[in-house]
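S.K.: Submitted below is the structure of interest, expressed as C-alpha cells.
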Amino acid sequence: MWKLKVAEGDDPWLRTLNGHVGRQVWEFDPHLGTQEERSLVDEARRSFSDRRFQIKHSSDLLMRMQFARENPHVTNLPEIKVQDLEQVTEEVVTNALRRGLNFYSTIQAHDGHWPGDYGGPMFLLPGLVITLYVTGALNVVLLMEHQREMCRYLYNHQNEDGGWGLHIEGPSTMFGTVLSYVTLRLLGEGAYDAQGAMEKGRKWILDHGGANAITSWGKMWLSALGAYEWSGNNPLPPEVWLCPYIVPVHPGRMWCHCRMVYLPMSYLYGKRFVGPITPTIISLRKELYVVPYHEVDWNQARNQCAKVSPVELRIALILINGNLGPNSPYEKGQSIVYNLQLNCGFCGGSIVIFPKILNQVNQQYLYYPHPLVQDVLWASLHKVVEPILVHWPPGSKLRQKALHTVMQHVHYEDENTRYICIGPVNKVLNMLCCWIEDPNSEAFKLHIPRIFDYLWIAEDGMKMQGYNGSQLWDTSFAVQAIISTNLGKECGPTLRKAHEFIKNSQVLEDCPGDLNFWYRHISKGAWPFSTADHGWPISDCTAEGLKAALLLSKLPSETVGEPLDVEKLFDAVNVILSLQNADGGFATYELTRSCRWLELINPAETFGDIVIDYPYVECTSAAIQALTSFKKLYPEHRRHEIENCISKAAKFIKDTQAPDGSWYGSWGVCFTYGGWFGIKGLIASGKTYSNCPCIRKACDYLLSKELASGGWGESYLSCQNKAYSNLPGDKPHIVNTAWAMLALIDAGQAERDPNPLHRAAMILLNSQMKSGDFPQEEIMGVFNKNCMISYSAYRNIFPIWALGEYRSQILDSS
C-alpha cells in the first residue's frame, strides 16, 4: 500500500531550510495494510474507474483512508438534513460546523498543514516521464508501482472519444492526447494494449492530422525525445538572455513562470538536444504521423496546430443546421457550435462557409492562436537568424555564450528552491538541462529526490501536481475559516499546529547575490504558496499568511502558541508594499515589468496572459485586507504608506470592475471567486454597500446568478470563455456557493434580504456527508485562463468558512 509521509527527508541529496516542514511524499510499502484495508483501496479505485466519464475529479480517498486509521475520531453529533428555510437554525448550523471541524482536524498533518491533491493538468506528468526516459533513469527513479499508478491515472482520464484533454475535465486536445499516449508507451504500454484504449488514442491523433499538429510545448518535448524534428519548432533562441534589460522583450521582464519555463526550453533548442533513438522511439515515429516520418514537412509543421477531423466537422454542420440547444448530447459538436456563435456570430450552415467553420473549429484547440506578427517573427528567426547563429563562427560563439548564461540562471533557480523549482514544468526541464550539461553532475543528483515532492496519488492513480503542493495557501485560509466560526476554543490543538506551520513557512531571507542580475524580487518576510523550501514569494500568499498570523496573535497564546515576532510581521508588510504597481494593482510574484502588448509574442497557443505578470483583483484585494488588519493592530507603523497603498489598490479594484458588476477571477472559477475578492477588498478599504456603487453592482451581479434552487454553481467554462456559465443541469457547487455567500454577508445582504443567504446555507448543510466531510465536486482552480487545477482543500475550507460567518454574523445577530 501507499503511505503519505509528511515533513520527512532522509535522502542525503535533499536540502532544506526548516526540517522539510510541509513536504508531502507518497511512498510504497508492500507490507503495509491489512487485507481489509487493501480491499477498501481497490474498491475505491474500481468505483472511480466505473464512473470516470461522469465524475472526473478524485475525492482524495487514499489520503482520507490513511488519516482515518491514524487519527480516528468518534462524534456523537447527529447528521441533520433540512427541508425548508425555517429549519436553518443556529443549533443546526452549529452542529454542522462542529461536525465539519471535527472531521477537518483529523486530516491535518502533524506539521500543521493540510495535505491534498493539487493535480488537474494533464500535460505535467508526460514531461517527467520523457525526462526520465531520455536520461535513462526511468526504471531507476520510479518503482513499478509508481509506473503502474501513472498508467492508471492516464487511462482513467482518457475521454470517451479516445483523446485526452488539457486538464481532467477538458475536451480532448492534440497537446493532451499526444503527450498522454507517448507517456503510456514510454511506461511500457504496447501500441495495442489496454482493451483498445491505445488504439483509440492513436486513432484520435491520426484523425486530427497527426502529431505534427501538436502545440509548441508538445513539439519541444517530442523533439527532445526524438519523435519530432527540431526544424519543426519555432525558434527559442537563448541569445535573448544576452540582450540589455532595457529591451521590453528581455526575459527578465516576463512573468517568472513564463521566463523560468522558456529558460531551459531555450537551452534545449539552442543545443538541438535529442535523446537516444530506441526501438520505442522508432515505433512512435510510425504511430504518430499520417505520413511516413521522413516525408513530414517540418517547416510547415512549425505553425500547424490541432486539425479537426472530418467527422467532427460534419457533427458541427449537423448541429448548426439543426439549431440544437445547449443540452444537446453531442457534446463536442455543441462546444464547437456555441464557440462559433459566441466568437464569430455565425448561425446556420452551408457548404459555402466550410472554410470559416474549419478555421473556427480548429481554434477550439488553440486558446491563443498566433497573430500575424508572431508568424513573421518566427519565420525571420528560423530562416535568417538561426542559420547565422548555428553555422557562422562568430554566431556559434555567441550561441555558446548564451547557453552558458542560460545554465547560470538554471542553477541559480535550482539552488534557491532546494531543487524544487518554481513549478513542475521548469522542474523537469531544468533537471534535463543539468543532465545534458553533465550526466554525472551533482545538480542532476540533487534534482532526483525532489521529483517525489510533485507526485500525488489518489483513487484515480498517480499524477504530477501543479506545484509541490498548496500547503501555506490552504493553511492560511483554513485558519481564517476556523476562527470565523467562533468555535476556535474547541479547536485549540488544530489552530496551534496550523500556527506553527505558518510561522515555520515564512521566508526569512532574500535570495543571495545581486537580485537585479538574477531578476528576482525581495522575498524576506514573504510567504510562499507551498513551503519555505520552495521559497518563491507571492503577493496574495504573503497577504493571506499575514492575515492568518494576525488573527492568531489575538487569541490566547496558551491555546494557539506564541504569536509571530513583530519584526517578521513588519517584514511581511514591507514585501506587500514593495509589490504594488503604479496603477495600484498587485501582480503575483513580482512587479509588472513590461507592457501588455508583449502578449502578442505569447508563443504558447494553449494559455492566455502568460508573458508578463499582470495585476489581479484577487492579489490586490488580499493585500488590502492584510494591510487593513495590520493597521488596526499597529496603527503607527508606516501609516501613510499603508493608507496610500490601500487607497490606490481600492481604486484599482473599482477601475477593473466590469460594467455588469463582475470581476473576472483569474485563479479560481471564476466570477463568484473574483466577486468575493472584489467585494471583500472594497469593504476592507472602508467602502460599504450604501456609499459604494461598485459594491451595489457587484451584489446585484452575484444575486442575478443565484440558481432557482438556491446557491451558485459555476462551470470552468466561465474562465475559458470569459462569460458566466452555470454547471450542467444548473446544479449548485458548495465552493461557489460559499464564495458568493461570504461576499454577500460582508456586503450586508442580511439587512436587505437574507433569503439568498438562508437558501445558500441550506445547500451547504445538506451537502455535508455523514463523516462531517464535504463532497468533492467539479474542479475549482484555474491558471492562465484555460487550464484548470484542483484545490482539494476548498471542499472543506469554504463551506466551514461560509457557515461560520453565517452563524456569527447572521444567526447570532438575529
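Chain labels A, B, ... are given in the sequence in which chains occur in the C-alpha cells; within each chain residues are numbered consecutively from 1, and ligands are likewise numbered from 1 in the order shown.
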Going by DSSP on the backbone, which bits of stretch 132-247 of chain A are strand (DSSP E or B)? Write them as a PyMOL selection string, please.
M.R.: chain A and resi 164-165+167+172-173
S.K.: Please dump the current selection as a PDB file, in the first residue's frame; keep all heavy atoms.
M.R.:
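Saved as part02.pdb:
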ATOM      1  N   TRP A 164      -7.223  12.817 -24.871  1.00  0.00           N
ATOM      2  CA  TRP A 164      -7.024  13.371 -23.527  1.00  0.00           C
ATOM      3  C   TRP A 164      -7.087  14.890 -23.605  1.00  0.00           C
ATOM      4  O   TRP A 164      -6.677  15.491 -24.609  1.00  0.00           O
ATOM      5  CB  TRP A 164      -5.663  12.965 -22.961  1.00  0.00           C
ATOM      6  CG  TRP A 164      -5.550  11.561 -22.470  1.00  0.00           C
ATOM      7  CD1 TRP A 164      -5.737  11.107 -21.204  1.00  0.00           C
ATOM      8  CD2 TRP A 164      -5.201  10.389 -23.249  1.00  0.00           C
ATOM      9  NE1 TRP A 164      -5.521   9.745 -21.134  1.00  0.00           N
ATOM     10  CE2 TRP A 164      -5.187   9.281 -22.378  1.00  0.00           C
ATOM     11  CE3 TRP A 164      -4.886  10.180 -24.601  1.00  0.00           C
ATOM     12  CZ2 TRP A 164      -4.881   7.993 -22.783  1.00  0.00           C
ATOM     13  CZ3 TRP A 164      -4.586   8.892 -25.026  1.00  0.00           C
ATOM     14  CH2 TRP A 164      -4.584   7.812 -24.130  1.00  0.00           C
ATOM     15  N   GLY A 165      -7.565  15.521 -22.536  1.00  0.00           N
ATOM     16  CA  GLY A 165      -7.697  16.966 -22.516  1.00  0.00           C
ATOM     17  C   GLY A 165      -6.482  17.663 -21.959  1.00  0.00           C
ATOM     18  O   GLY A 165      -5.517  17.043 -21.505  1.00  0.00           O
ATOM     19  N   HIS A 167      -6.755  19.336 -19.308  1.00  0.00           N
ATOM     20  CA  HIS A 167      -6.924  19.048 -17.881  1.00  0.00           C
ATOM     21  C   HIS A 167      -7.983  17.968 -17.738  1.00  0.00           C
ATOM     22  O   HIS A 167      -8.619  17.560 -18.723  1.00  0.00           O
ATOM     23  CB  HIS A 167      -7.315  20.312 -17.109  1.00  0.00           C
ATOM     24  CG  HIS A 167      -8.526  21.018 -17.662  1.00  0.00           C
ATOM     25  ND1 HIS A 167      -9.811  20.702 -17.291  1.00  0.00           N
ATOM     26  CD2 HIS A 167      -8.642  22.009 -18.580  1.00  0.00           C
ATOM     27  CE1 HIS A 167     -10.669  21.467 -17.926  1.00  0.00           C
ATOM     28  NE2 HIS A 167      -9.979  22.269 -18.723  1.00  0.00           N
ATOM     29  N   SER A 172     -10.919  16.654 -25.455  1.00  0.00           N
ATOM     30  CA  SER A 172      -9.641  16.160 -25.992  1.00  0.00           C
ATOM     31  C   SER A 172      -8.943  17.224 -26.829  1.00  0.00           C
ATOM     32  O   SER A 172      -9.569  17.955 -27.600  1.00  0.00           O
ATOM     33  CB  SER A 172      -9.894  14.913 -26.844  1.00  0.00           C
ATOM     34  OG  SER A 172     -10.478  13.895 -26.066  1.00  0.00           O
ATOM     35  N   THR A 173      -7.633  17.305 -26.662  1.00  0.00           N
ATOM     36  CA  THR A 173      -6.795  18.207 -27.447  1.00  0.00           C
ATOM     37  C   THR A 173      -5.602  17.414 -27.977  1.00  0.00           C
ATOM     38  O   THR A 173      -5.240  16.369 -27.435  1.00  0.00           O
ATOM     39  CB  THR A 173      -6.264  19.373 -26.592  1.00  0.00           C
ATOM     40  OG1 THR A 173      -5.397  18.844 -25.570  1.00  0.00           O
ATOM     41  CG2 THR A 173      -7.391  20.158 -25.941  1.00  0.00           C
TER      42      THR A 173
END
S.K.: Name the residues of stretch 415-461 of chain A that fall into alpha helix (DSSP H) according to DSSP on the backbone, using the chain letters and numbers of this document, as a list in words.
M.R.: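 Selecting the alpha helix (DSSP H) positions of stretch 415-461 of chain A gives Glu415, Asn416, Pro424, Val425, Asn426, Lys427, Val428, Leu429, Asn430, Met431, Leu432, Cys433, Cys434, Trp435, Ile436, Glu437, Glu442, Ala443, Phe444, Lys445, Leu446 and His447 of chain A.
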S.K.: For stretch 602-652 of chain A versus stretch 301-305 of chain A, which residues have an atom no more than 12 Å away, and what is each residue's nearest atom pair and distance in Å rounded to one decimal, using only C-alpha atoms, chain-then-number order, as CSV?
M.R.:
residue,atom,partner,partner_atom,distance
A:Pro603,CA,A:Asn303,CA,10.5
A:Ala604,CA,A:Cys305,CA,11.2
A:Glu605,CA,A:Cys305,CA,8.6
A:Thr606,CA,A:Cys305,CA,10.3
S.K.: Could the residues in this selection be written to a file with all heavy atoms, as a CSV table (one decimal), in the first residue's frame?
M.R.:
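After the write, result_5.csv holds the following:
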chain,number,residue,atom,x,y,z
A,603,PRO,N,4.0,32.6,-27.2
A,603,PRO,CA,4.2,31.5,-28.2
A,603,PRO,C,3.4,30.3,-27.8
A,603,PRO,O,3.3,29.3,-28.5
A,603,PRO,CB,5.7,31.2,-28.1
A,603,PRO,CG,6.1,31.6,-26.7
A,603,PRO,CD,5.2,32.7,-26.3
A,604,ALA,N,2.8,30.3,-26.6
A,604,ALA,CA,2.1,29.1,-26.0
A,604,ALA,C,0.6,29.2,-26.4
A,604,ALA,O,-0.2,29.9,-25.8
A,604,ALA,CB,2.2,29.0,-24.5
A,605,GLU,N,0.3,28.4,-27.5
A,605,GLU,CA,-1.1,28.5,-28.0
A,605,GLU,C,-2.1,28.1,-27.0
A,605,GLU,O,-3.3,28.4,-27.2
A,605,GLU,CB,-1.2,27.6,-29.3
A,605,GLU,CG,-0.1,27.9,-30.3
A,605,GLU,CD,1.2,27.1,-30.1
A,605,GLU,OE1,1.4,26.6,-29.1
A,605,GLU,OE2,2.0,27.2,-31.1
A,606,THR,N,-1.7,27.4,-26.0
A,606,THR,CA,-2.6,26.8,-25.0
A,606,THR,C,-3.1,27.7,-23.9
A,606,THR,O,-4.1,27.5,-23.3
A,606,THR,CB,-1.9,25.5,-24.4
A,606,THR,OG1,-1.3,24.8,-25.5
A,606,THR,CG2,-2.9,24.7,-23.7
S.K.: Might you pull out every residue within 9 Å of stretch 231-241 of chain A, with only C-alpha atoms counted and same-chain residues fewer than 2 positions away left off, and present them as a ChimeraX atom specification?
M.R.: /A:212,216,219-220,223,228-229,243-245,249-252,262-270,297-303,378-379,381-382,386,398-399,401-403,405-406,603
S.K.: Tell me, in Å to one decimal, how far atom CA of A:Leu555 is from atom CA of A:Ala96.
M.R.: 23.4 Å
